[in-house]
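File shown: target00.txt (compact mmCIF, C-alpha atoms).
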```txt
# COMPACT_ATOMS: atom_id res chain seq x y z
CA MET C 1 47.58 -8.42 -42.76
CA GLY C 2 47.41 -6.14 -45.79
CA ALA C 3 44.53 -4.15 -44.27
CA THR C 4 46.44 -3.66 -41.06
CA SER C 5 49.49 -2.37 -42.92
CA ALA C 6 47.31 -0.05 -44.98
CA ARG C 7 46.14 1.68 -41.81
CA LYS C 8 49.68 2.34 -40.61
CA ILE C 9 51.80 5.36 -41.45
CA GLY C 10 55.14 5.25 -43.24
CA PRO C 11 58.45 6.84 -42.27
CA VAL C 12 57.90 10.14 -44.10
CA LEU C 13 54.52 10.88 -42.52
CA ALA C 14 55.78 9.72 -39.11
CA THR C 15 58.75 12.08 -39.44
CA PHE C 16 56.49 15.06 -40.05
CA VAL C 17 54.22 14.04 -37.15
CA VAL C 18 57.24 14.23 -34.83
CA ALA C 19 58.46 17.51 -36.34
CA ASN C 20 55.00 19.12 -36.13
CA ASN C 21 54.74 18.21 -32.44
CA MET C 22 57.91 20.21 -31.77
CA ILE C 23 57.30 23.23 -34.01
CA GLY C 24 54.86 25.19 -31.86
CA SER C 25 54.82 28.31 -29.69
CA GLY C 26 58.62 28.33 -29.41
CA PHE C 27 58.75 29.02 -33.13
CA PHE C 28 56.83 32.26 -32.63
CA LEU C 29 58.28 33.62 -29.39
CA LEU C 30 61.74 32.15 -28.76
CA PRO C 31 63.45 34.58 -31.21
CA ALA C 32 62.42 37.53 -29.01
CA MET C 33 63.58 35.81 -25.85
CA LEU C 34 66.93 34.80 -27.37
CA ALA C 35 67.50 38.28 -28.80
CA LYS C 36 68.38 39.39 -25.25
CA SER C 37 71.61 37.43 -25.78
CA GLY C 38 72.05 37.78 -29.54
CA GLY C 39 72.90 35.73 -32.60
CA VAL C 40 75.40 33.64 -30.63
CA THR C 41 72.39 31.55 -29.56
CA ALA C 42 72.59 29.95 -33.01
CA LEU C 43 75.39 27.84 -31.51
CA ALA C 44 73.06 26.83 -28.68
CA TRP C 45 70.51 25.69 -31.28
CA LEU C 46 73.14 23.36 -32.75
CA VAL C 47 74.05 21.97 -29.30
CA CYS C 48 70.39 21.48 -28.36
CA THR C 49 69.70 19.69 -31.63
CA ALA C 50 72.54 17.28 -30.80
CA LEU C 51 71.17 16.75 -27.26
CA ALA C 52 67.70 16.11 -28.67
CA MET C 53 69.19 13.55 -31.06
CA MET C 54 70.79 11.74 -28.10
CA LEU C 55 67.47 11.63 -26.26
CA GLY C 56 65.58 10.73 -29.42
CA GLY C 57 67.86 7.73 -29.96
CA ALA C 58 67.06 6.51 -26.43
CA PHE C 59 63.30 6.83 -26.94
CA ALA C 60 63.48 5.12 -30.32
CA ARG C 61 65.23 2.17 -28.67
CA LEU C 62 62.64 2.02 -25.89
CA ALA C 63 59.91 1.88 -28.52
CA ARG C 64 61.38 -1.40 -29.78
CA HIS C 65 60.99 -2.95 -26.33
CA HIS C 66 57.52 -1.50 -25.70
CA PRO C 67 55.55 -1.47 -29.00
CA GLY C 68 52.35 -0.31 -27.26
CA LEU C 69 54.12 2.59 -25.52
CA GLU C 70 51.70 5.35 -24.51
CA SER C 71 52.96 6.57 -21.13
CA PRO C 72 56.29 6.88 -19.28
CA ASP C 73 54.93 4.22 -16.92
CA ASP C 74 55.27 1.62 -19.69
CA TYR C 75 59.05 1.83 -19.85
CA VAL C 76 59.95 3.10 -16.38
CA ARG C 77 58.14 0.67 -14.06
CA PRO C 78 59.70 -2.57 -15.40
CA SER C 79 63.22 -1.21 -14.72
CA LEU C 80 62.88 1.30 -11.89
CA GLY C 81 59.70 0.43 -10.00
CA ARG C 82 56.39 2.10 -9.27
CA ASP C 83 57.66 5.12 -7.30
CA VAL C 84 60.03 6.31 -10.01
CA SER C 85 57.35 5.55 -12.60
CA PHE C 86 54.92 7.73 -10.68
CA LEU C 87 57.38 10.64 -10.66
CA ALA C 88 58.21 10.32 -14.36
CA THR C 89 54.54 10.04 -15.38
CA THR C 90 53.14 12.81 -13.20
CA MET C 91 56.00 15.27 -13.74
CA TYR C 92 55.58 14.80 -17.49
CA TRP C 93 51.86 15.49 -17.07
CA VAL C 94 52.46 18.58 -14.93
CA SER C 95 54.99 19.85 -17.48
CA SER C 96 52.38 19.52 -20.22
CA TRP C 97 49.83 21.83 -18.65
CA ILE C 98 52.48 24.32 -17.52
CA GLY C 99 53.61 24.28 -21.15
CA ASN C 100 50.05 25.12 -22.17
CA ASN C 101 50.43 28.39 -20.27
CA ALA C 102 53.50 29.22 -22.33
CA ILE C 103 51.52 28.55 -25.51
CA ALA C 104 48.74 30.85 -24.29
CA VAL C 105 51.33 33.58 -23.62
CA ALA C 106 52.64 33.28 -27.19
CA ALA C 107 49.16 33.14 -28.75
CA PHE C 108 47.86 36.25 -27.01
CA GLY C 109 51.10 38.13 -27.64
CA TYR C 110 50.33 37.92 -31.36
CA LEU C 111 46.58 38.35 -30.97
CA LEU C 112 47.22 41.62 -29.16
CA VAL C 113 48.93 43.02 -32.26
CA VAL C 114 45.78 42.27 -34.26
CA LEU C 115 43.48 43.83 -31.65
CA GLN C 116 45.58 46.98 -31.46
CA THR C 117 45.07 47.51 -35.20
CA TRP C 118 41.38 48.29 -34.67
CA LEU C 119 40.92 48.91 -30.95
CA PRO C 120 42.61 51.19 -28.39
CA VAL C 121 43.97 48.25 -26.42
CA GLY C 122 47.06 48.63 -24.24
CA ASP C 123 49.75 46.02 -23.78
CA GLY C 124 50.08 46.14 -20.00
CA PRO C 125 50.30 43.06 -17.73
CA GLY C 126 46.58 43.24 -16.90
CA VAL C 127 45.54 43.09 -20.54
CA ARG C 128 47.89 40.20 -21.25
CA LEU C 129 46.69 38.32 -18.17
CA GLY C 130 43.04 38.73 -19.17
CA GLY C 131 43.76 37.59 -22.71
CA GLN C 132 45.71 34.52 -21.63
CA VAL C 133 42.99 33.45 -19.21
CA ALA C 134 40.31 33.98 -21.86
CA LEU C 135 42.21 31.74 -24.32
CA ILE C 136 42.64 29.03 -21.68
CA TRP C 137 38.92 28.85 -20.96
CA LEU C 138 37.95 29.16 -24.62
CA MET C 139 40.07 26.09 -25.42
CA PHE C 140 38.62 24.31 -22.38
CA ALA C 141 35.12 24.92 -23.77
CA LEU C 142 36.17 23.64 -27.20
CA ASN C 143 37.67 20.51 -25.65
CA LEU C 144 34.33 19.72 -24.01
CA MET C 145 33.03 18.96 -27.51
CA GLY C 146 35.36 15.96 -27.73
CA PRO C 147 38.57 14.97 -29.54
CA ARG C 148 37.24 15.12 -33.10
CA PRO C 149 36.25 18.83 -33.14
CA ILE C 150 39.58 19.70 -31.56
CA ALA C 151 41.46 17.71 -34.21
CA ARG C 152 39.56 19.52 -36.98
CA PHE C 153 40.16 22.90 -35.35
CA GLN C 154 43.88 22.19 -34.99
CA SER C 155 44.18 21.08 -38.63
CA LEU C 156 42.50 24.28 -39.81
CA CYS C 157 44.81 26.36 -37.63
CA VAL C 158 47.91 24.66 -39.05
CA VAL C 159 46.87 25.46 -42.64
CA LEU C 160 45.84 29.07 -41.95
CA GLY C 161 48.66 29.77 -39.56
CA LEU C 162 51.77 28.46 -41.27
CA LEU C 163 51.34 29.66 -44.85
CA PRO C 164 51.95 33.40 -44.20
CA VAL C 165 54.82 32.57 -41.81
CA ALA C 166 56.39 30.32 -44.45
CA LEU C 167 56.41 33.39 -46.70
CA ILE C 168 58.53 35.23 -44.11
CA LEU C 169 61.04 32.38 -43.94
CA THR C 170 61.48 32.26 -47.72
CA ALA C 171 61.17 35.93 -48.75
CA GLY C 172 63.00 37.18 -45.67
CA TRP C 173 66.46 36.39 -47.00
CA ALA C 174 66.16 39.24 -49.47
CA TYR C 175 65.98 41.58 -46.44
CA PHE C 176 68.71 39.88 -44.41
CA ASP C 177 71.52 42.31 -43.50
CA PRO C 178 74.77 40.62 -42.42
CA SER C 179 75.89 43.79 -40.61
CA VAL C 180 72.73 43.78 -38.46
CA TYR C 181 73.40 40.15 -37.57
CA ARG C 182 77.07 40.85 -36.74
CA ASP C 183 76.12 43.77 -34.51
CA SER C 184 73.63 41.53 -32.71
CA TRP C 185 76.02 38.58 -32.29
CA ASN C 186 76.47 38.87 -28.53
CA VAL C 187 74.75 41.72 -26.70
CA SER C 188 74.71 40.03 -23.29
CA GLY C 189 78.05 41.25 -21.96
CA GLN C 190 79.05 37.64 -21.21
CA SER C 191 81.34 35.24 -23.06
CA ASP C 192 80.01 33.24 -26.00
CA VAL C 193 80.45 29.96 -24.08
CA THR C 194 78.52 31.28 -21.06
CA VAL C 195 75.64 32.47 -23.24
CA VAL C 196 75.45 29.14 -25.07
CA MET C 197 75.39 27.13 -21.82
CA GLN C 198 72.76 29.38 -20.24
CA SER C 199 70.58 29.15 -23.35
CA LEU C 200 70.34 25.35 -23.49
CA ALA C 201 67.39 24.89 -21.12
CA PRO C 202 65.10 27.58 -22.61
CA ILE C 203 65.98 26.54 -26.16
CA PHE C 204 65.26 22.88 -25.37
CA TRP C 205 61.62 23.85 -24.88
CA ALA C 206 61.45 23.77 -28.68
CA PHE C 207 62.32 20.06 -28.67
CA VAL C 208 59.86 18.91 -26.01
CA GLY C 209 57.73 16.43 -27.96
CA LEU C 210 60.68 14.50 -29.40
CA GLU C 211 59.37 11.43 -27.58
CA THR C 212 56.14 11.36 -29.57
CA GLY C 213 57.70 9.16 -32.26
CA ALA C 214 58.09 6.42 -29.66
CA MET C 215 54.60 7.05 -28.28
CA VAL C 216 52.98 6.38 -31.67
CA ALA C 217 55.16 3.38 -32.54
CA GLY C 218 52.08 1.16 -32.63
CA VAL C 219 50.70 2.93 -35.71
CA VAL C 220 54.00 3.15 -37.61
CA ASP C 221 54.77 0.61 -40.32
CA ASP C 222 57.90 -1.46 -39.52
CA PRO C 223 58.55 0.42 -36.24
CA ASP C 224 61.97 -1.16 -35.62
CA ARG C 225 63.34 0.71 -38.63
CA ASN C 226 60.95 3.62 -39.04
CA VAL C 227 60.53 4.92 -35.47
CA PRO C 228 64.27 5.77 -35.18
CA ARG C 229 64.14 7.35 -38.65
CA ALA C 230 61.03 9.37 -37.82
CA THR C 231 62.34 10.49 -34.43
CA LEU C 232 65.78 11.58 -35.59
CA GLY C 233 64.44 12.98 -38.88
CA GLY C 234 61.74 14.97 -37.08
CA ILE C 235 64.30 16.39 -34.65
CA ALA C 236 66.58 17.38 -37.54
CA ILE C 237 63.74 19.15 -39.38
CA ALA C 238 62.57 21.01 -36.27
CA GLY C 239 66.13 22.01 -35.38
CA ALA C 240 66.79 23.32 -38.90
CA VAL C 241 63.53 25.33 -38.99
CA TYR C 242 64.19 26.90 -35.59
CA LEU C 243 67.82 27.71 -36.39
CA VAL C 244 67.01 29.28 -39.76
CA SER C 245 64.16 31.39 -38.37
CA SER C 246 66.25 32.62 -35.44
CA VAL C 247 69.22 33.63 -37.62
CA LEU C 248 66.99 35.24 -40.23
CA MET C 249 65.08 37.40 -37.78
CA MET C 250 68.19 38.65 -36.00
CA GLY C 251 69.58 39.70 -39.37
CA ILE C 252 66.53 41.81 -40.20
CA VAL C 253 65.70 43.48 -36.87
CA PRO C 254 68.38 44.59 -34.34
CA ALA C 255 68.52 42.38 -31.24
CA ALA C 256 67.54 45.16 -28.82
CA GLU C 257 64.35 45.91 -30.76
CA LEU C 258 63.49 42.24 -31.27
CA ALA C 259 63.92 41.47 -27.55
CA GLN C 260 61.20 43.97 -26.61
CA SER C 261 58.60 42.52 -28.97
CA GLY C 262 55.74 40.31 -27.89
CA ALA C 263 55.18 39.31 -31.52
CA PRO C 264 58.60 39.03 -33.21
CA PHE C 265 57.37 37.54 -36.50
CA ALA C 266 54.92 40.42 -36.91
CA LEU C 267 57.71 42.90 -36.17
CA VAL C 268 59.91 41.33 -38.84
CA ALA C 269 57.02 41.39 -41.33
CA GLY C 270 56.56 45.11 -40.64
CA ASN C 271 60.24 45.75 -41.34
CA MET C 272 60.06 43.76 -44.57
CA PHE C 273 56.77 44.85 -46.14
CA GLY C 274 55.49 47.77 -44.09
CA PRO C 275 53.02 48.22 -41.21
CA TRP C 276 50.15 46.68 -43.18
CA ALA C 277 51.78 43.23 -42.98
CA MET C 278 52.06 43.17 -39.19
CA PRO C 279 48.42 42.32 -38.31
CA ILE C 280 48.28 39.70 -41.10
CA ILE C 281 51.33 37.80 -39.88
CA ALA C 282 50.27 38.32 -36.25
CA ALA C 283 46.83 36.85 -37.01
CA ALA C 284 48.42 33.82 -38.69
CA ALA C 285 50.75 33.21 -35.75
CA ALA C 286 47.93 33.68 -33.23
CA ILE C 287 45.77 31.17 -35.12
CA LYS C 288 48.57 28.58 -35.23
CA ALA C 289 49.44 29.02 -31.54
CA THR C 290 45.77 28.86 -30.51
CA GLY C 291 45.33 25.62 -32.44
CA THR C 292 48.43 24.25 -30.71
CA LEU C 293 46.96 25.24 -27.33
CA GLY C 294 43.70 23.43 -28.08
CA GLY C 295 45.52 20.29 -29.21
CA TRP C 296 47.88 20.18 -26.23
CA MET C 297 45.01 20.69 -23.79
CA LEU C 298 43.43 17.60 -25.34
CA VAL C 299 46.70 15.69 -24.86
CA THR C 300 46.96 16.92 -21.26
CA GLY C 301 43.43 15.77 -20.47
CA GLU C 302 43.98 12.36 -22.02
CA SER C 303 47.39 11.82 -20.39
CA GLY C 304 45.87 12.80 -17.05
CA ALA C 305 43.12 10.23 -17.60
CA ARG C 306 45.69 7.50 -18.34
CA ALA C 307 47.69 8.46 -15.24
CA ALA C 308 44.52 8.27 -13.12
CA GLN C 309 43.68 4.86 -14.56
CA ARG C 310 47.14 3.65 -13.48
CA GLY C 311 46.61 4.97 -9.96
CA PHE C 312 48.99 7.94 -10.24
CA LEU C 313 46.37 10.72 -10.08
CA PRO C 314 43.03 11.02 -8.25
CA ALA C 315 40.25 9.07 -9.94
CA VAL C 316 38.44 12.28 -10.86
CA PHE C 317 40.99 12.87 -13.65
CA GLY C 318 40.04 9.53 -15.23
CA HIS C 319 36.36 10.37 -15.74
CA LEU C 320 35.50 10.68 -19.44
CA ARG C 321 32.29 11.99 -21.00
CA PRO C 322 30.52 9.88 -23.66
CA ASN C 323 32.19 12.00 -26.39
CA GLY C 324 35.63 11.12 -25.01
CA SER C 325 36.49 14.44 -23.34
CA ALA C 326 38.09 14.44 -19.88
CA ALA C 327 35.82 17.28 -18.76
CA THR C 328 36.36 17.20 -14.99
CA GLY C 329 40.10 16.72 -15.24
CA LEU C 330 40.38 19.51 -17.80
CA PHE C 331 38.36 21.82 -15.57
CA ILE C 332 40.86 21.29 -12.74
CA ILE C 333 43.74 21.75 -15.18
CA SER C 334 42.24 25.00 -16.50
CA LEU C 335 41.86 26.32 -12.95
CA SER C 336 45.51 25.45 -12.29
CA MET C 337 46.58 27.15 -15.52
CA THR C 338 44.63 30.27 -14.55
CA ALA C 339 46.36 30.41 -11.17
CA LEU C 340 49.73 29.92 -12.85
CA ALA C 341 49.01 32.80 -15.25
CA PHE C 342 48.65 35.10 -12.23
CA LEU C 343 51.77 33.73 -10.51
CA THR C 344 54.08 34.04 -13.53
CA LEU C 345 52.95 37.41 -14.88
CA ALA C 346 56.02 39.42 -15.93
CA PRO C 347 56.64 42.91 -17.38
CA THR C 348 57.23 41.50 -20.89
CA VAL C 349 55.77 38.64 -22.90
CA SER C 350 59.18 37.07 -23.46
CA GLY C 351 59.95 37.33 -19.73
CA GLN C 352 56.82 35.41 -18.74
CA PHE C 353 57.41 32.92 -21.54
CA GLU C 354 60.96 32.27 -20.31
CA VAL C 355 59.85 31.54 -16.74
CA LEU C 356 57.23 29.05 -17.93
CA ILE C 357 59.40 27.14 -20.39
CA GLU C 358 62.23 26.78 -17.87
CA MET C 359 59.71 25.19 -15.47
CA VAL C 360 58.56 22.83 -18.22
CA VAL C 361 62.08 21.73 -19.15
CA VAL C 362 63.15 20.94 -15.58
CA LEU C 363 60.02 18.79 -15.05
CA VAL C 364 60.12 16.98 -18.38
CA VAL C 365 63.82 16.21 -17.84
CA MET C 366 62.72 13.98 -14.95
CA ALA C 367 60.88 11.76 -17.42
CA TYR C 368 63.86 11.84 -19.76
CA VAL C 369 66.26 10.85 -16.94
CA ALA C 370 63.98 7.90 -16.16
CA ALA C 371 64.09 6.89 -19.84
CA GLY C 372 67.89 6.99 -19.84
CA LEU C 373 68.10 4.95 -16.62
CA ALA C 374 65.56 2.40 -17.90
CA LEU C 375 67.67 1.86 -21.01
CA LEU C 376 70.94 1.76 -19.06
CA LEU C 377 69.77 -0.71 -16.40
CA GLY C 378 67.37 -2.89 -18.38
CA THR C 379 65.32 -5.50 -16.52
CA ARG C 380 65.99 -8.92 -15.06
CA GLU C 381 64.17 -10.52 -17.99
CA ARG C 382 65.82 -8.28 -20.59
CA PRO C 383 69.32 -7.06 -19.61
CA SER C 384 70.63 -4.04 -21.51
CA THR C 385 72.94 -4.60 -24.45
CA HIS C 386 76.13 -2.58 -24.86
CA ARG C 387 74.45 -0.34 -27.44
CA GLU C 388 71.49 0.30 -25.13
CA LYS C 389 73.84 1.24 -22.29
CA VAL C 390 75.58 3.73 -24.57
CA LEU C 391 72.22 5.23 -25.61
CA GLY C 392 71.11 5.38 -21.97
CA MET C 393 74.31 7.15 -20.91
CA GLY C 394 73.94 9.56 -23.84
CA ALA C 395 70.43 10.46 -22.66
CA LEU C 396 71.68 11.02 -19.10
CA VAL C 397 74.53 13.24 -20.32
CA ALA C 398 72.02 15.31 -22.32
CA CYS C 399 69.78 15.65 -19.25
CA GLY C 400 72.78 16.64 -17.14
CA LEU C 401 73.65 19.50 -19.48
CA LEU C 402 70.04 20.71 -19.46
CA VAL C 403 69.96 20.65 -15.65
CA TYR C 404 73.27 22.54 -15.54
CA SER C 405 71.77 25.20 -17.82
CA THR C 406 68.67 25.67 -15.66
CA PRO C 407 68.55 28.52 -13.09
CA GLY C 408 68.92 27.39 -9.47
CA LYS C 409 65.50 28.70 -8.36
CA THR C 410 63.77 26.75 -11.11
CA LEU C 411 65.63 23.55 -10.17
CA VAL C 412 64.67 23.94 -6.51
CA GLY C 413 61.06 24.60 -7.49
CA GLY C 414 60.94 21.47 -9.65
CA LEU C 415 62.46 19.39 -6.85
CA VAL C 416 59.91 20.71 -4.34
CA ILE C 417 57.03 19.87 -6.70
CA ALA C 418 58.40 16.35 -7.22
CA LEU C 419 58.94 15.69 -3.50
CA LEU C 420 55.49 16.98 -2.51
CA ALA C 421 53.85 14.89 -5.22
CA TRP C 422 55.79 11.76 -4.20
CA ALA C 423 54.95 12.30 -0.49
CA ALA C 424 51.24 12.62 -1.31
CA PHE C 425 51.39 9.53 -3.51
CA ARG C 426 53.07 7.42 -0.81
CA GLY C 427 50.80 8.74 1.93
CA PHE C 428 47.54 8.17 0.13
CA SER C 429 48.70 4.80 -1.22
CA ARG C 430 49.34 3.57 2.33
CA LYS C 431 45.94 4.79 3.49
CA GLU C 432 44.23 2.98 0.66
CA ALA C 433 46.17 -0.19 1.43
CA VAL C 434 45.09 -0.04 5.10
CA ALA C 435 41.47 0.60 4.12
CA ARG C 436 41.46 -2.51 1.98
```

Can I see the file as C-alpha cells?
Amino acid sequence: MGATSARKIGPVLATFVVANNMIGSGFFLLPAMLAKSGGVTALAWLVCTALAMMLGGAFARLARHHPGLESPDDYVRPSLGRDVSFLATTMYWVSSWIGNNAIAVAAFGYLLVVLQTWLPVGDGPGVRLGGQVALIWLMFALNLMGPRPIARFQSLCVVLGLLPVALILTAGWAYFDPSVYRDSWNVSGQSDVTVVMQSLAPIFWAFVGLETGAMVAGVVDDPDRNVPRATLGGIAIAGAVYLVSSVLMMGIVPAAELAQSGAPFALVAGNMFGPWAMPIIAAAAAIKATGTLGGWMLVTGESGARAAQRGFLPAVFGHLRPNGSAATGLFIISLSMTALAFLTLAPTVSGQFEVLIEMVVVLVVMAYVAAGLALLLGTRERPSTHREKVLGMGALVACGLLVYSTPGKTLVGGLVIALLAWAAFRGFSRKEAVAR
C-alpha cells in the first residue's frame, strides 16, 4: 500500500501537469492573432477561463466515476451508447492531429526569425509551408524511436524554451506603456461585446487539454479530492499566464505591428532589448513549440491506437512496434497533416493559425458536449445526482457559447466531418457484422 502511494503524484505536481498541457503553442502565437482586435480580448480571456472551469468541474466529476479513465469512450458509452462514443472519441482524435498542424505553424514562425538572422530566407507562404512540413516529418521520425526518447526530448525543450520567455514576462513590465495599451484597446471597429464573443472560440484553443487531469486520475494520490484541485488549479494557472502575457505584449508593441508578426515574443524582445535579443527569444520559443509538437504527435499516435483497439478506427492504427511507437498510424497522420498544411496555407502565420485552431475547437467541443450529457443523464445503474446535473448543464452552457463564437463555415465543416465519419463507421460495422 505504501509503495503504491509512493508512486502516485500529489495535488501540486498534478496541477502543474494539467497547466503544462495547456500552455503550448497558443502562448507563443495567440497574442499576434488577438492583436487584430486589441486589448479588449483580455475580457475574453477572463470569460474563457470561467468556461474552462465549468468544463473542468465536469471532467473532474467524471474522473470519480471512472478511475481508469483514458479515453472519451470510457465515460460516454455507458450513458449515451456506442455511436455517440464513437463520435466523441474520433472527433477528439481528429482534433488532436489538426492541432498538431497549428503547433507546427507556431514553431516554424519562430524558427524563421532565427534562420533569417544568418540566411537570406524569405517569409513567403512557400517557405512557411516547406518549414511546417519539414517539422512534421522530423517529429514523425523522432517518434519512431519510441515514447522514451520523445519524453526526454520534450523535457529538454521545456527547460531550454521557457527560461528566456519567463525573462520577458518578468522584465517586460518595466517596458509596459499604459498609453500604448489604451490605444490598442479595440482596433476592430466593432463593439467590445462583439469582439469578446467572437474571440471565445480561438482563445479556447489555449485551454484544450483541461481534461488531462481526469485522464491521469489513476496516478494521482487521493483522486476524489486532488483531481478537482489539479484540474481547476491548472486551469487557473494557465489562464493567468495567458492573460498576463497578452496584456503585457499589447502594452509594449502597438496592436497593428503585433498583428503582423509571425513571432510576437521575438518582436517584443526586440523592442525591449534591441535586435540582438530577437533570435535568442525566437530560438527559445521554437524549441519549446517543437518539443510540444513531438509530444502531442506521440499522444495522437497512442490515442489513435486506443481508438483502433476499441473498434473506432481501422486496425492499422492499432499496430505498435516493439518499442511502443504507433509507426503506421503516425505515418498516416503525418500524411494527413501534410495535406492539411497545403489546404490551410494563408498569407500570414496568425491567419493560418486561426483557421486551424477554430477547426480544433469545434471538433473537441463534440467530446466536451458528450461529457456534459454523460454527467447530466447518468446511467441506469448510477443515476445523476443534483450536483452532477448542475455540472453537466454548466458544461453544456460552456460548449454552447463556444459554438456560438465559432464562424459558420467552420461549424459546417466540423458537422460534415462528423457525419461522414459516423456514416463510414455504421456502414463498415454492418458489413463486418454480416461477414461474421

Problem set entry | Residue among C:Ala236, C:Met197, C:Met91, C:Val40 lying closest to Ser303 (chain C), counting all atoms listed in the file | C:Met91

Exercise. Any idea what's packed within 10 Å of Gly10 (chain C), counting only C-alpha atoms, ignoring anything in its chain fewer than 5 positions away? Could you give it as a list in words?
Worked result: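 Counting only C-alpha atoms, the residues come to Ser5, Thr15, Val219, Val220, Asp221, Asp222, Pro223, Asn226, Val227 and Ala230 of chain C.
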
Using only C-alpha atoms, find each residue in region 232-316 of chain C having at least one atom no more than 9 Å away from region 172-182 of chain C; report its shortest atom-to-atom pair and that distance in Å (one decimal), rows by chain then rising number, as CSV.
```
residue,atom,partner,partner_atom,distance
C:Val247,CA,C:Tyr181,CA,7.7
C:Leu248,CA,C:Phe176,CA,6.5
C:Met249,CA,C:Phe176,CA,8.0
C:Met250,CA,C:Tyr181,CA,5.6
C:Gly251,CA,C:Tyr181,CA,4.2
C:Ile252,CA,C:Phe176,CA,5.1
C:Val253,CA,C:Val180,CA,7.2
C:Pro254,CA,C:Val180,CA,6.0
C:Ala255,CA,C:Tyr181,CA,8.3
C:Val268,CA,C:Gly172,CA,8.6
C:Ala269,CA,C:Gly172,CA,8.5
C:Asn271,CA,C:Tyr175,CA,8.7
C:Met272,CA,C:Tyr175,CA,6.6
```

Exercise. In Å to one decimal, how far is CA of Ala424 (chain C) from CA of Thr406 (chain C)?
Worked result: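 CA of Ala424 (chain C) lies at a distance of 26.1 Å from CA of Thr406 (chain C).
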
For this session: Dig up all the protein and nucleic acid residues within 10 Å of (58.2, 24.5, -18.2) in the file frame, using only C-alpha atoms, and format them as a VMD selection string.
Result: chain C and resid 94 to 102 201 to 202 205 208 353 to 364 410 414

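You will find CA of Gly270 (chain C) at 20.1 Å from CA of Ser25 (chain C).
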
Exercise. Interatomic distance between CA of Thr170 (chain C) and CA of Gly239 (chain C)?
Worked result: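 Rounded to one decimal, the two atoms are 16.7 Å apart.
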
For this session: Rank nothing, just name the residue among C:Ser405, C:Thr231, C:Thr212, C:Ser336 nearest to Pro11 (chain C), using all atoms listed in the file.
Result: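 When distances to Pro11 (chain C) are compared using all atoms listed in the file, the smallest one comes from C:Thr231.
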
For this session: Go through C:Ala141, C:Val76, C:Leu115, C:Ala206 and flag the residue nearest Ser325 (chain C), using all atoms listed in the file for the distances.
Result: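 Between C:Ala141, C:Val76, C:Leu115, C:Ala206, the residue approaching Ser325 (chain C) most closely is C:Ala141.
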
Problem set entry | Polymer residues at most 12 Å from Ile332 (chain C), only C-alpha atoms, same-chain spacing of 3 or more positions, as a VMD selection string | chain C and resid 97 136 to 137 140 297 300 to 301 304 314 316 to 317 326 to 329 335 to 339

Closest contacts (region 124-151 of chain C/region 273-294 of chain C, max 9 Å, all atoms listed in the file) as JSON lines:
```
{"residue": "C:Leu135", "atom": "CA", "partner": "C:Thr290", "partner_atom": "CA", "distance": 7.7}
{"residue": "C:Ile136", "atom": "CA", "partner": "C:Leu293", "partner_atom": "CA", "distance": 8.1}
{"residue": "C:Leu138", "atom": "CA", "partner": "C:Gly294", "partner_atom": "CA", "distance": 8.8}
{"residue": "C:Met139", "atom": "CA", "partner": "C:Gly294", "partner_atom": "CA", "distance": 5.2}
{"residue": "C:Phe140", "atom": "CA", "partner": "C:Gly294", "partner_atom": "CA", "distance": 7.7}
{"residue": "C:Leu142", "atom": "CA", "partner": "C:Gly294", "partner_atom": "CA", "distance": 7.6}
{"residue": "C:Asn143", "atom": "CA", "partner": "C:Gly294", "partner_atom": "CA", "distance": 7.1}
{"residue": "C:Ile150", "atom": "CA", "partner": "C:Gly294", "partner_atom": "CA", "distance": 6.6}
{"residue": "C:Ala151", "atom": "CA", "partner": "C:Gly294", "partner_atom": "CA", "distance": 8.7}
```

Problem set entry | Contact residues around Gln352 (chain C) with only C-alpha atoms at 10 Å, ignoring same-chain residues under 4 positions, as number ranges by chain | C: 33, 101-102, 105-106, 341, 343-348, 356-357

For this session: Give the answer as one residue: which of C:Ala42, C:Leu396, C:Trp296, C:Gly26 has the shortest atom-to-atom distance to Val193 (chain C), using only C-alpha atoms?
Result: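 Checking each candidate against Val193 (chain C), we get C:Ala42 as the closest.
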
Could I get the residues of region 31-133 of chain C with an atom no further than 9 Å from an atom of region 371-375 of chain C, each paired with its nearest atom pair and that distance in Å to one decimal, using only C-alpha atoms, sorted by chain and residue number, as JSON lines?
```
{"residue": "C:Leu55", "atom": "CA", "partner": "C:Gly372", "partner_atom": "CA", "distance": 7.9}
{"residue": "C:Ala58", "atom": "CA", "partner": "C:Gly372", "partner_atom": "CA", "distance": 6.7}
{"residue": "C:Phe59", "atom": "CA", "partner": "C:Ala371", "partner_atom": "CA", "distance": 7.1}
{"residue": "C:Arg61", "atom": "CA", "partner": "C:Leu375", "partner_atom": "CA", "distance": 8.0}
{"residue": "C:Leu62", "atom": "CA", "partner": "C:Leu375", "partner_atom": "CA", "distance": 7.0}
{"residue": "C:Pro72", "atom": "CA", "partner": "C:Ala371", "partner_atom": "CA", "distance": 7.8}
{"residue": "C:Tyr75", "atom": "CA", "partner": "C:Ala374", "partner_atom": "CA", "distance": 6.8}
{"residue": "C:Val76", "atom": "CA", "partner": "C:Ala374", "partner_atom": "CA", "distance": 5.9}
{"residue": "C:Arg77", "atom": "CA", "partner": "C:Ala374", "partner_atom": "CA", "distance": 8.5}
{"residue": "C:Pro78", "atom": "CA", "partner": "C:Ala374", "partner_atom": "CA", "distance": 8.1}
{"residue": "C:Ser79", "atom": "CA", "partner": "C:Ala374", "partner_atom": "CA", "distance": 5.3}
{"residue": "C:Leu80", "atom": "CA", "partner": "C:Ala374", "partner_atom": "CA", "distance": 6.7}
{"residue": "C:Ala88", "atom": "CA", "partner": "C:Ala371", "partner_atom": "CA", "distance": 8.7}
```

Exercise. Given the choices C:Gly427, C:Gly378, C:Gly161, C:Gly295, which gets closest to Phe27 (chain C) if the distance is worked out from all atoms listed in the file?
Worked result: C:Gly161

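Ranking C:Ala266, C:Val349, C:Leu376, C:Leu210 by their shortest atom-to-atom distance to Ala14 (chain C), with all atoms listed in the file included, puts C:Leu210 first.
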